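Structure, as structure tokens:
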There are 2 protein chains.
Amino acid sequence: MTESDFLAALRTLPLHAAARGLRDDVALLSPAGPLVLTTDTVVEGVHYVATDPAEDVAWKLVAVNLSDLAAKGAVPVGVMLNYPLGDDAWDRAFIEGLGEILTRFGCPLIGGDTFSLPAGSAHVLTLTAIGEDAPAPPRSGAQAGDSLWVAGMIGDAGAGLAIAQGAFGPTSLLAAYRRPVPLLAEGRLLAPIAHAMMDVSDGLLLDAARMAVASGLAVSIDLAAIPLSTDYCAYAGEDRAARLAAATAGDDYALLFAAPAGLQPPVPATRIGSFAAGSGISLHDGAGTVPLPARLGFEHTA
Amino acid sequence: MTESDFLAALRTLPLHAAARGLRDDVALLSPAGPLVLTTDTVVEGVHYVATDPAEDVAWKLVAVNLSDLAAKGAVPVGVMLNYPLGDDAWDRAFIEGLGEILTRFGCPLIGGDTFSLPAGSAHVLTLTAIGEDAPAPPRSGAQAGDSLWVAGMIGDAGAGLAIAQGAFGPTSLLAAYRRPVPLLAEGRLLAPIAHAMMDVSDGLLLDAARMAVASGLAVSIDLAAIPLSTDYCAYAGEDRAARLAAATAGDDYALLFAAPAGLQPPVPATRIGSFAAGSGISLHDGAGTVPLPARLGFEHTA
């Protein structure tokens with residue numbers, strides 16, 4: 001699509017008043033209070049599979065950003081989109097999926113940019129999300145003695161990625177990979193009681209280790225406690241290997257949080273470990289200590 | 001560079017308190033009033049030449065966004081960066097250039113994201129800039145009878161692009177292409193008196209036509225009045241062809257504004273035309289009507 005066709009199509013989606021109808025070079029926002037800002041870029045062949053439907057790529061691009069807002073207990077204000085114009089059908093399908101998730105979460109478009117890519121380049125899409133009214137528990141706030149909790153399931157999206165790449169498995173897992181649901185309502189309720197919170201995007205073990213490092217503490221995790229869905233267990237089993245696979249796969253968009261021992265969270269959540277003085281991450285299950293896997297999750301390197 | 005090395009290097013640059021030391025998943029901003037938000041993506045091989053030094057790519061990425069803030073009369077608050085990790089030396093040079101422009105314009109880093117690209121993909125960099133205290137004249141505010149003015153020179157960057165691609169010419173023009181200077185101080189003074197304002201990024205004629213369309217008016221431009229630098233005239237001449245080349249080249253980052261007839265702008269600027277009832281763009285010079293060139297500037301298509 002051309003830039004003007006694309007903008008015309010975007011104007012049929014929910015627009016924030018700040019967007020000035022997408023007819024100016026900037027957006028003009030009048031915030032009611034402090035804002036939470038987050039931005040994520042997704043890349044074809046890195047964050048999604050080239051064959052993923054464009055509707056789902058749009059959904060996921062928004063979802064991964066709203067998940068960061070959820071982890072701060074924020075109410076979404078709106079999003080800005082940086083979009084590479086390309087194939088007409090792909091662009092139209094993308095806008096369809098974008099409209100679905102913006103409508104679902106009441107989150108309008110504020111602005112953005114369109115551009116062209118040289119032939120043969122991977123698609124690169126960026127979204128910036130703005131939220132408000134956020135208690136914004138930091139990554140670094142866990143205290144010694146705190147329990148480590150997770151809200152949401154672990155491993156479904158990792159299995160879904162394998163299914164997207166050709167493995168045979170339940171469509172619910174594929175949906176978890178392609179259409180993750182940001183836990184905005186859960187985040188709103190958890191943020192006021194969490195000492196630390198973040199979303200699980202790069203693998204439970206890696207993200208828990210990051211929270212421990214940021215908080216200057218050691219974290220101990222009960223591998224047997226990690227919440228697995230019925231479909232995941234049917235697909236991958238629930239032995240140690242299946243649990244390690246789930247705990248090191250990415251794209252869960254569950255909420256990981258530290259809360260005082262003894263406190264029962266206000267939403268369904270699973271206690272999977274605890275923080276103590278020291279450093280590092282350790283794993284155990286009913287059978288004893290579990291050696292750390294070589295890779296705790298996904299890290300972006302050169 | 002790895003993500004953590006890159007973040008460590010970014011932490012040596014000016015950081016906004018909202019960035020939480022780049023150690024959280026979000027930035028937390030407490031705005032003093034309405035905000036101006038703008039975002040631009042630059043692509044290797046599209047918006048810059050692969051051989052452009054990384055320091056200059058960083059400078060330009062920030063400059064093009066700050067230029068949008070300038071056109072609204074905003075004071076920069078900070079920027080968010082979406083960066084593709086790659087070659088170590090390129091990444092280090094990029095951070096060097098980023099630090100230079102952020103320091104020059106007192107504009108700290110607020111947050112961002114890093115990611116990897118598949119081998120062979122063009123580099124794609126996104127920046128989002130936030131400004132405040134902006135009169136924010138729209139693109140659409142020109143009135144019949146208004147004069148059309150430009151602050152800054154036209155055509156230098158277009159000639160600089162040819163020089164970057166191998167043509168022989170003055171380094172000042174190359175610098176105009178690689179290190180455009182956002183006219184923030186000029187924008188602050190112009191925004192309160194301008195009926196409409198935008199920066200010239202895609203070509204003077206195209207951007208003037210866009211202002212006319214947005215304002216529902218016709219615009220008439222005196223090609224002979226378009227401000228050309230001494231170096232541009234030495235390089236390209238100043239005949240009709242040289243003026244048309246300047247007026248349809250991109251990357252000027254001059255400020256284009258509509259102001260009431262008779263009003264003298266508070267900064268050096270050149271009156272190049274006027275708005276009237278009707279639609280369309282027309283060109284003239286001392287010799288009479290000038291036929292419109294086939295292409296008014298750069299438009300991003302598929």
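Identifiers in this document derive from the order of the structure tokens: chains are assigned A, B, ..., residues are numbered from 1 separately in each chain, and ligands are numbered from 1 in order of occurrence.
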
Contacts between chain B and chain A, please, where a residue of chain A counts if it comes within 8 Å (with only C-alpha atoms); show its shortest atom pair and distance in Å to one decimal, rows by chain and ascending number, as CSV.
```
residue,atom,partner,partner_atom,distance
A:Met1,CA,B:Ala302,CA,5.6
A:Thr2,CA,B:Thr301,CA,4.4
A:Glu3,CA,B:Thr301,CA,6.0
A:Arg23,CA,B:Ala214,CA,7.5
A:Asp24,CA,B:Arg139,CA,5.8
A:Asp25,CA,B:Asp68,CA,6.6
A:Val26,CA,B:Thr38,CA,4.8
A:Ala27,CA,B:Leu37,CA,5.0
A:Leu28,CA,B:Val36,CA,4.7
A:Leu29,CA,B:Leu35,CA,5.1
A:Ser30,CA,B:Pro34,CA,4.1
A:Pro31,CA,B:Pro34,CA,6.2
A:Gly33,CA,B:Ser30,CA,6.5
A:Pro34,CA,B:Ser30,CA,4.1
A:Leu35,CA,B:Leu29,CA,5.0
A:Val36,CA,B:Leu28,CA,4.7
A:Leu37,CA,B:Ala27,CA,5.0
A:Thr38,CA,B:Val26,CA,4.8
A:Thr39,CA,B:Gly112,CA,5.8
A:Asp40,CA,B:Asp113,CA,5.7
A:Thr41,CA,B:Asn82,CA,6.8
A:Val42,CA,B:Phe115,CA,7.9
A:Val43,CA,B:Leu117,CA,6.8
A:Gly45,CA,B:Pro118,CA,6.8
A:Val46,CA,B:Pro118,CA,7.1
A:Asp68,CA,B:Asp25,CA,6.6
A:Leu69,CA,B:Val26,CA,7.8
A:Met80,CA,B:Thr39,CA,7.9
A:Asn82,CA,B:Thr41,CA,6.8
A:Leu85,CA,B:Ala302,CA,5.4
A:Gly86,CA,B:Ala302,CA,4.8
A:Asp87,CA,B:Ala302,CA,6.9
A:Gly111,CA,B:Thr38,CA,7.5
A:Gly112,CA,B:Thr39,CA,5.8
A:Asp113,CA,B:Asp40,CA,5.7
A:Thr114,CA,B:His300,CA,7.5
A:Phe115,CA,B:His300,CA,5.9
A:Ser116,CA,B:His300,CA,6.1
A:Leu117,CA,B:Val43,CA,6.8
A:Pro118,CA,B:Gly45,CA,6.8
A:Gly120,CA,B:Ser121,CA,7.0
A:Ser121,CA,B:Ser121,CA,4.4
A:Ala122,CA,B:Ser121,CA,5.7
A:Val124,CA,B:Val124,CA,7.2
A:Thr126,CA,B:Thr126,CA,7.6
A:Ala136,CA,B:Leu28,CA,7.9
A:Pro138,CA,B:Asp24,CA,6.4
A:Arg139,CA,B:Asp24,CA,5.8
A:Ser140,CA,B:Asp24,CA,7.9
A:Met198,CA,B:Asp25,CA,7.3
A:Ala214,CA,B:Arg23,CA,7.5
A:Glu299,CA,B:Glu3,CA,7.6
A:His300,CA,B:Phe115,CA,5.9
A:Thr301,CA,B:Thr2,CA,4.4
A:Ala302,CA,B:Gly86,CA,4.8
```

Strand (DSSP E or B) call set, DSSP backbone run, stretch 40-249 of chain B, as a ChimeraX atom specification: /B:40-44,48,75-84,109-115,124-132,147-151,196-200,218-222

Take the residues just selected and output them with N, CA and C atoms as a short mmCIF file (atom, residue, chain, number, x, y, z; two decimals), in the first residue's frame.
```
data_model
loop_
_atom_site.label_atom_id
_atom_site.label_comp_id
_atom_site.auth_asym_id
_atom_site.auth_seq_id
_atom_site.Cartn_x
_atom_site.Cartn_y
_atom_site.Cartn_z
N ASP B 40 10.26 8.59 14.12
CA ASP B 40 10.72 8.40 12.75
C ASP B 40 11.64 7.20 12.71
N THR B 41 11.52 6.45 11.63
CA THR B 41 12.38 5.30 11.39
C THR B 41 13.30 5.64 10.24
N VAL B 42 14.58 5.32 10.36
CA VAL B 42 15.49 5.48 9.22
C VAL B 42 16.05 4.12 8.83
N VAL B 43 16.18 3.93 7.53
CA VAL B 43 16.54 2.63 6.97
C VAL B 43 17.78 2.76 6.11
N GLU B 44 18.72 1.89 6.35
CA GLU B 44 19.95 1.82 5.52
C GLU B 44 19.56 1.58 4.07
N TYR B 48 19.53 6.54 4.51
CA TYR B 48 20.95 6.87 4.56
C TYR B 48 21.72 5.87 3.72
N VAL B 75 10.03 22.14 23.44
CA VAL B 75 11.30 21.92 24.11
C VAL B 75 11.49 20.41 24.25
N PRO B 76 12.60 19.87 23.77
CA PRO B 76 12.80 18.41 23.87
C PRO B 76 12.83 17.95 25.34
N VAL B 77 12.12 16.86 25.61
CA VAL B 77 12.15 16.24 26.94
C VAL B 77 13.11 15.04 26.93
N GLY B 78 13.04 14.24 25.89
CA GLY B 78 13.91 13.06 25.81
C GLY B 78 13.54 12.21 24.62
N VAL B 79 14.32 11.15 24.43
CA VAL B 79 14.11 10.26 23.28
C VAL B 79 14.15 8.80 23.70
N MET B 80 13.44 7.96 22.94
CA MET B 80 13.50 6.51 23.09
C MET B 80 14.09 5.93 21.80
N LEU B 81 14.95 4.91 21.94
CA LEU B 81 15.71 4.38 20.82
C LEU B 81 15.42 2.88 20.62
N ASN B 82 15.10 2.49 19.39
CA ASN B 82 14.97 1.07 19.03
C ASN B 82 16.14 0.73 18.12
N TYR B 83 17.06 -0.12 18.62
CA TYR B 83 18.36 -0.26 17.99
C TYR B 83 18.70 -1.71 17.64
N PRO B 84 19.09 -1.94 16.37
CA PRO B 84 19.51 -3.29 15.96
C PRO B 84 20.98 -3.51 16.28
N LEU B 109 18.27 10.48 27.10
CA LEU B 109 17.66 9.22 26.70
C LEU B 109 16.65 8.79 27.76
N ILE B 110 15.47 8.35 27.30
CA ILE B 110 14.40 7.95 28.22
C ILE B 110 14.24 6.44 28.27
N GLY B 111 14.56 5.75 27.18
CA GLY B 111 14.36 4.29 27.16
C GLY B 111 14.51 3.77 25.76
N GLY B 112 14.05 2.54 25.52
CA GLY B 112 14.15 1.97 24.19
C GLY B 112 14.15 0.46 24.18
N ASP B 113 14.71 -0.08 23.13
CA ASP B 113 14.73 -1.53 22.94
C ASP B 113 15.90 -1.86 22.02
N THR B 114 16.52 -3.02 22.24
CA THR B 114 17.52 -3.51 21.29
C THR B 114 17.02 -4.83 20.72
N PHE B 115 17.49 -5.14 19.51
CA PHE B 115 17.04 -6.37 18.87
C PHE B 115 18.10 -6.82 17.87
N VAL B 124 17.67 -1.00 10.43
CA VAL B 124 16.44 -0.22 10.61
C VAL B 124 16.48 0.36 12.02
N LEU B 125 16.48 1.68 12.13
CA LEU B 125 16.59 2.33 13.43
C LEU B 125 15.40 3.25 13.65
N THR B 126 14.83 3.18 14.84
CA THR B 126 13.66 4.01 15.16
C THR B 126 13.97 4.87 16.37
N LEU B 127 13.53 6.11 16.31
CA LEU B 127 13.64 6.98 17.48
C LEU B 127 12.29 7.65 17.70
N THR B 128 11.93 7.79 18.95
CA THR B 128 10.72 8.51 19.33
C THR B 128 11.15 9.67 20.21
N ALA B 129 10.72 10.87 19.86
CA ALA B 129 11.10 12.05 20.64
C ALA B 129 9.88 12.64 21.32
N ILE B 130 10.11 13.11 22.52
CA ILE B 130 9.04 13.70 23.33
C ILE B 130 9.43 15.14 23.64
N GLY B 131 8.49 16.04 23.42
CA GLY B 131 8.74 17.44 23.71
C GLY B 131 7.62 18.02 24.56
N GLU B 132 7.85 19.22 25.08
CA GLU B 132 6.82 19.84 25.93
C GLU B 132 6.76 21.33 25.64
N SER B 147 1.17 34.48 4.06
CA SER B 147 2.43 34.27 3.33
C SER B 147 3.01 32.92 3.71
N LEU B 148 3.75 32.34 2.77
CA LEU B 148 4.49 31.09 3.04
C LEU B 148 5.96 31.45 3.20
N TRP B 149 6.53 31.04 4.31
CA TRP B 149 7.92 31.37 4.63
C TRP B 149 8.73 30.09 4.83
N VAL B 150 10.03 30.24 4.66
CA VAL B 150 10.91 29.14 5.04
C VAL B 150 12.08 29.71 5.84
N ALA B 151 12.40 29.01 6.95
CA ALA B 151 13.60 29.34 7.73
C ALA B 151 14.60 28.21 7.52
N ALA B 196 0.42 27.86 10.58
CA ALA B 196 0.71 26.45 10.27
C ALA B 196 2.22 26.33 10.21
N MET B 197 2.75 25.18 10.64
CA MET B 197 4.20 24.98 10.51
C MET B 197 4.49 23.49 10.41
N MET B 198 5.53 23.17 9.64
CA MET B 198 6.02 21.78 9.52
C MET B 198 7.48 21.86 9.10
N ASP B 199 8.21 20.78 9.30
CA ASP B 199 9.58 20.81 8.80
C ASP B 199 9.60 20.28 7.37
N VAL B 200 10.60 20.69 6.61
CA VAL B 200 10.73 20.25 5.22
C VAL B 200 11.62 19.02 5.22
N ALA B 218 -5.03 26.78 -1.93
CA ALA B 218 -4.02 26.74 -2.99
C ALA B 218 -2.78 27.46 -2.50
N VAL B 219 -1.64 27.02 -2.98
CA VAL B 219 -0.40 27.70 -2.62
C VAL B 219 0.35 28.05 -3.90
N SER B 220 0.92 29.25 -3.91
CA SER B 220 1.70 29.72 -5.06
C SER B 220 3.11 30.02 -4.56
N ILE B 221 4.11 29.49 -5.27
CA ILE B 221 5.50 29.62 -4.80
C ILE B 221 6.35 30.31 -5.86
N ASP B 222 7.16 31.24 -5.39
CA ASP B 222 8.12 31.94 -6.25
C ASP B 222 9.44 31.18 -6.21
#
```

Which of B:Val62, B:Ile95, B:Phe168, B:Leu174 sits closest to B:Leu7 [using only C-alpha atoms]: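 The shortest atom-to-atom distance to B:Leu7 comes from B:Ile95.
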
For stretch 230-237 of chain B: contacts at 10 Å, only C-alpha atoms, fewer than 3 positions along chain excluded, given as number ranges by chain: B: 153-160, 168-173, 227, 240-243, 245-246

Given only C-alpha atoms as the counted atoms, nearest of B:Thr289, B:Ser67, B:Gln143, B:Thr51 to B:Ala224: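 Closest residue, counting only C-alpha atoms: B:Thr289.
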
Every residue of stretch 8-195 of chain B that DSSP places in alpha helix (DSSP H), as a PyMOL selection string: chain B and resi 8-10+54-70+88-104+156-164+171-178+184-190

Residue neighbourhood A:Leu292, 7 Å, only C-alpha atoms, exclusion window fewer than 2 positions, as a VMD selection string: chain A and resid 283 290 294

Selection export as a PDB file, in the first residue's frame, atoms kept: all heavy atoms:
```pdb
ATOM      1  N   LEU A 283      17.725 -23.962  41.165  1.00  0.00           N
ATOM      2  CA  LEU A 283      16.520 -24.719  40.810  1.00  0.00           C
ATOM      3  C   LEU A 283      16.434 -25.981  41.642  1.00  0.00           C
ATOM      4  O   LEU A 283      17.449 -26.637  41.898  1.00  0.00           O
ATOM      5  CB  LEU A 283      16.594 -25.161  39.341  1.00  0.00           C
ATOM      6  CG  LEU A 283      16.340 -24.150  38.245  1.00  0.00           C
ATOM      7  CD1 LEU A 283      16.399 -24.862  36.891  1.00  0.00           C
ATOM      8  CD2 LEU A 283      14.975 -23.509  38.450  1.00  0.00           C
ATOM      9  N   VAL A 290      18.195 -29.204  40.903  1.00  0.00           N
ATOM     10  CA  VAL A 290      18.175 -29.399  39.448  1.00  0.00           C
ATOM     11  C   VAL A 290      19.308 -28.553  38.853  1.00  0.00           C
ATOM     12  O   VAL A 290      19.350 -27.342  39.086  1.00  0.00           O
ATOM     13  CB  VAL A 290      16.824 -28.941  38.844  1.00  0.00           C
ATOM     14  CG1 VAL A 290      16.834 -29.075  37.324  1.00  0.00           C
ATOM     15  CG2 VAL A 290      15.670 -29.720  39.466  1.00  0.00           C
ATOM     16  N   ALA A 294      22.062 -24.844  30.250  1.00  0.00           N
ATOM     17  CA  ALA A 294      23.119 -23.990  29.685  1.00  0.00           C
ATOM     18  C   ALA A 294      22.561 -22.625  29.278  1.00  0.00           C
ATOM     19  O   ALA A 294      23.236 -21.608  29.358  1.00  0.00           O
ATOM     20  CB  ALA A 294      23.746 -24.660  28.461  1.00  0.00           C
TER      21      ALA A 294
END
```

Option closest in space to A:Leu263, from A:Asp146, A:Asp251, A:Asp285, A:Glu238 [counting only C-alpha atoms]: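 Distance minimum relative to A:Leu263 lands on A:Asp146.
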
Coordinates-based distance that separates atom CA of A:Ala191 from atom CA of A:Ala261 (Å, one decimal):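 Atom-to-atom, atom CA of A:Ala261 to atom CA of A:Ala191, that is 16.0 Å.
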
Contacts of B:Thr103 within 12 Å, only C-alpha atoms, excl. fewer than 2 positions in-chain, as a list in words: Thr12, Leu13, Pro14, Leu15, Trp59, Val62, Pro76, Gly78, Ile95, Glu96, Gly97, Leu98, Gly99, Glu100, Ile101, Phe105, Gly106, Cys107, Pro108 and Leu109 of chain B

Would you save the residues from that selection as a compact mmCIF listing (two decimals), in the first residue's frame, using all heavy atoms?
```txt
# COMPACT_ATOMS: atom_id res chain seq x y z
N THR B 12 26.38 5.70 29.79
CA THR B 12 27.37 6.79 29.89
C THR B 12 26.84 8.06 29.23
O THR B 12 27.48 9.10 29.33
CB THR B 12 28.70 6.40 29.21
OG1 THR B 12 28.49 6.29 27.79
CG2 THR B 12 29.22 5.07 29.74
N LEU B 13 25.70 7.99 28.54
CA LEU B 13 25.12 9.17 27.87
C LEU B 13 24.17 9.89 28.83
O LEU B 13 23.82 9.36 29.88
CB LEU B 13 24.36 8.72 26.62
CG LEU B 13 25.15 7.91 25.58
CD1 LEU B 13 24.31 7.69 24.34
CD2 LEU B 13 26.45 8.59 25.24
N PRO B 14 23.73 11.11 28.45
CA PRO B 14 22.74 11.79 29.30
C PRO B 14 21.46 10.95 29.40
O PRO B 14 20.86 10.61 28.38
CB PRO B 14 22.48 13.11 28.53
CG PRO B 14 23.65 13.28 27.62
CD PRO B 14 24.13 11.92 27.28
N LEU B 15 21.07 10.59 30.61
CA LEU B 15 19.85 9.79 30.84
C LEU B 15 18.81 10.63 31.56
O LEU B 15 19.13 11.36 32.49
CB LEU B 15 20.15 8.57 31.71
CG LEU B 15 21.01 7.44 31.17
CD1 LEU B 15 20.92 6.25 32.12
CD2 LEU B 15 20.59 7.04 29.77
N TRP B 59 23.40 10.83 14.63
CA TRP B 59 23.07 12.26 14.66
C TRP B 59 21.78 12.51 13.88
O TRP B 59 20.86 13.17 14.35
CB TRP B 59 24.22 13.07 14.06
CG TRP B 59 23.92 14.54 14.00
CD1 TRP B 59 23.10 15.17 13.11
CD2 TRP B 59 24.39 15.55 14.90
NE1 TRP B 59 23.05 16.51 13.38
CE2 TRP B 59 23.83 16.78 14.47
CE3 TRP B 59 25.25 15.54 16.00
CZ2 TRP B 59 24.09 17.98 15.12
CZ3 TRP B 59 25.51 16.75 16.65
CH2 TRP B 59 24.93 17.95 16.22
N VAL B 62 18.42 11.28 15.41
CA VAL B 62 17.91 12.18 16.45
C VAL B 62 17.47 13.50 15.82
O VAL B 62 16.39 14.03 16.14
CB VAL B 62 18.98 12.43 17.54
CG1 VAL B 62 18.46 13.43 18.57
CG2 VAL B 62 19.37 11.11 18.21
N PRO B 76 12.60 19.87 23.77
CA PRO B 76 12.80 18.41 23.87
C PRO B 76 12.83 17.95 25.34
O PRO B 76 13.46 18.59 26.17
CB PRO B 76 14.17 18.18 23.22
CG PRO B 76 14.43 19.40 22.40
CD PRO B 76 13.72 20.53 23.10
N GLY B 78 13.04 14.24 25.89
CA GLY B 78 13.91 13.06 25.81
C GLY B 78 13.54 12.21 24.62
O GLY B 78 12.59 12.51 23.90
N ILE B 95 26.96 5.07 19.21
CA ILE B 95 26.77 5.64 20.56
C ILE B 95 27.52 6.96 20.70
O ILE B 95 27.04 7.90 21.33
CB ILE B 95 27.18 4.61 21.63
CG1 ILE B 95 26.12 3.50 21.68
CG2 ILE B 95 27.34 5.26 22.99
CD1 ILE B 95 26.46 2.36 22.60
N GLU B 96 28.69 7.04 20.10
CA GLU B 96 29.47 8.27 20.10
C GLU B 96 28.66 9.43 19.47
O GLU B 96 28.52 10.49 20.07
CB GLU B 96 30.75 8.02 19.27
CG GLU B 96 31.71 9.17 19.20
CD GLU B 96 32.50 9.35 20.48
OE1 GLU B 96 32.65 8.34 21.22
OE2 GLU B 96 32.92 10.49 20.76
N GLY B 97 28.11 9.19 18.29
CA GLY B 97 27.32 10.22 17.61
C GLY B 97 26.05 10.54 18.38
O GLY B 97 25.61 11.70 18.44
N LEU B 98 25.44 9.52 18.96
CA LEU B 98 24.22 9.71 19.75
C LEU B 98 24.51 10.63 20.93
O LEU B 98 23.76 11.58 21.21
CB LEU B 98 23.72 8.35 20.24
CG LEU B 98 22.40 8.32 21.00
CD1 LEU B 98 21.25 8.74 20.11
CD2 LEU B 98 22.14 6.91 21.57
N GLY B 99 25.62 10.35 21.61
CA GLY B 99 26.01 11.20 22.74
C GLY B 99 26.24 12.64 22.32
O GLY B 99 25.85 13.58 23.02
N GLU B 100 26.85 12.82 21.14
CA GLU B 100 27.12 14.19 20.67
C GLU B 100 25.84 14.99 20.51
O GLU B 100 25.73 16.12 20.99
CB GLU B 100 27.85 14.16 19.32
CG GLU B 100 29.33 13.86 19.41
CD GLU B 100 29.95 13.81 18.02
OE1 GLU B 100 29.81 14.80 17.27
OE2 GLU B 100 30.55 12.77 17.68
N ILE B 101 24.85 14.42 19.82
CA ILE B 101 23.65 15.22 19.56
C ILE B 101 22.77 15.35 20.80
O ILE B 101 22.18 16.40 21.03
CB ILE B 101 22.86 14.72 18.32
CG1 ILE B 101 21.73 15.71 18.01
CG2 ILE B 101 22.36 13.30 18.48
CD1 ILE B 101 21.12 15.57 16.64
N PHE B 105 21.86 19.15 22.26
CA PHE B 105 20.52 19.71 22.40
C PHE B 105 19.91 19.47 23.78
O PHE B 105 18.71 19.65 23.98
CB PHE B 105 19.61 19.21 21.27
CG PHE B 105 20.05 19.74 19.93
CD1 PHE B 105 20.75 18.95 19.04
CD2 PHE B 105 19.81 21.07 19.60
CE1 PHE B 105 21.18 19.46 17.82
CE2 PHE B 105 20.23 21.59 18.39
CZ PHE B 105 20.93 20.79 17.49
N GLY B 106 20.73 19.03 24.73
CA GLY B 106 20.26 18.86 26.11
C GLY B 106 19.08 17.92 26.21
O GLY B 106 18.13 18.14 26.97
N CYS B 107 19.14 16.85 25.44
CA CYS B 107 17.99 15.95 25.31
C CYS B 107 18.40 14.55 25.76
O CYS B 107 19.10 13.84 25.04
CB CYS B 107 17.57 15.96 23.84
SG CYS B 107 16.18 14.90 23.51
N PRO B 108 17.98 14.12 26.95
CA PRO B 108 18.45 12.83 27.48
C PRO B 108 17.70 11.63 26.89
O PRO B 108 16.62 11.77 26.30
CB PRO B 108 18.17 12.96 28.96
CG PRO B 108 16.98 13.85 29.04
CD PRO B 108 17.12 14.83 27.89
N LEU B 109 18.27 10.48 27.10
CA LEU B 109 17.66 9.22 26.70
C LEU B 109 16.65 8.79 27.76
O LEU B 109 16.92 8.86 28.96
CB LEU B 109 18.78 8.17 26.57
CG LEU B 109 18.48 6.87 25.86
CD1 LEU B 109 18.10 7.11 24.41
CD2 LEU B 109 19.72 5.97 25.94
```
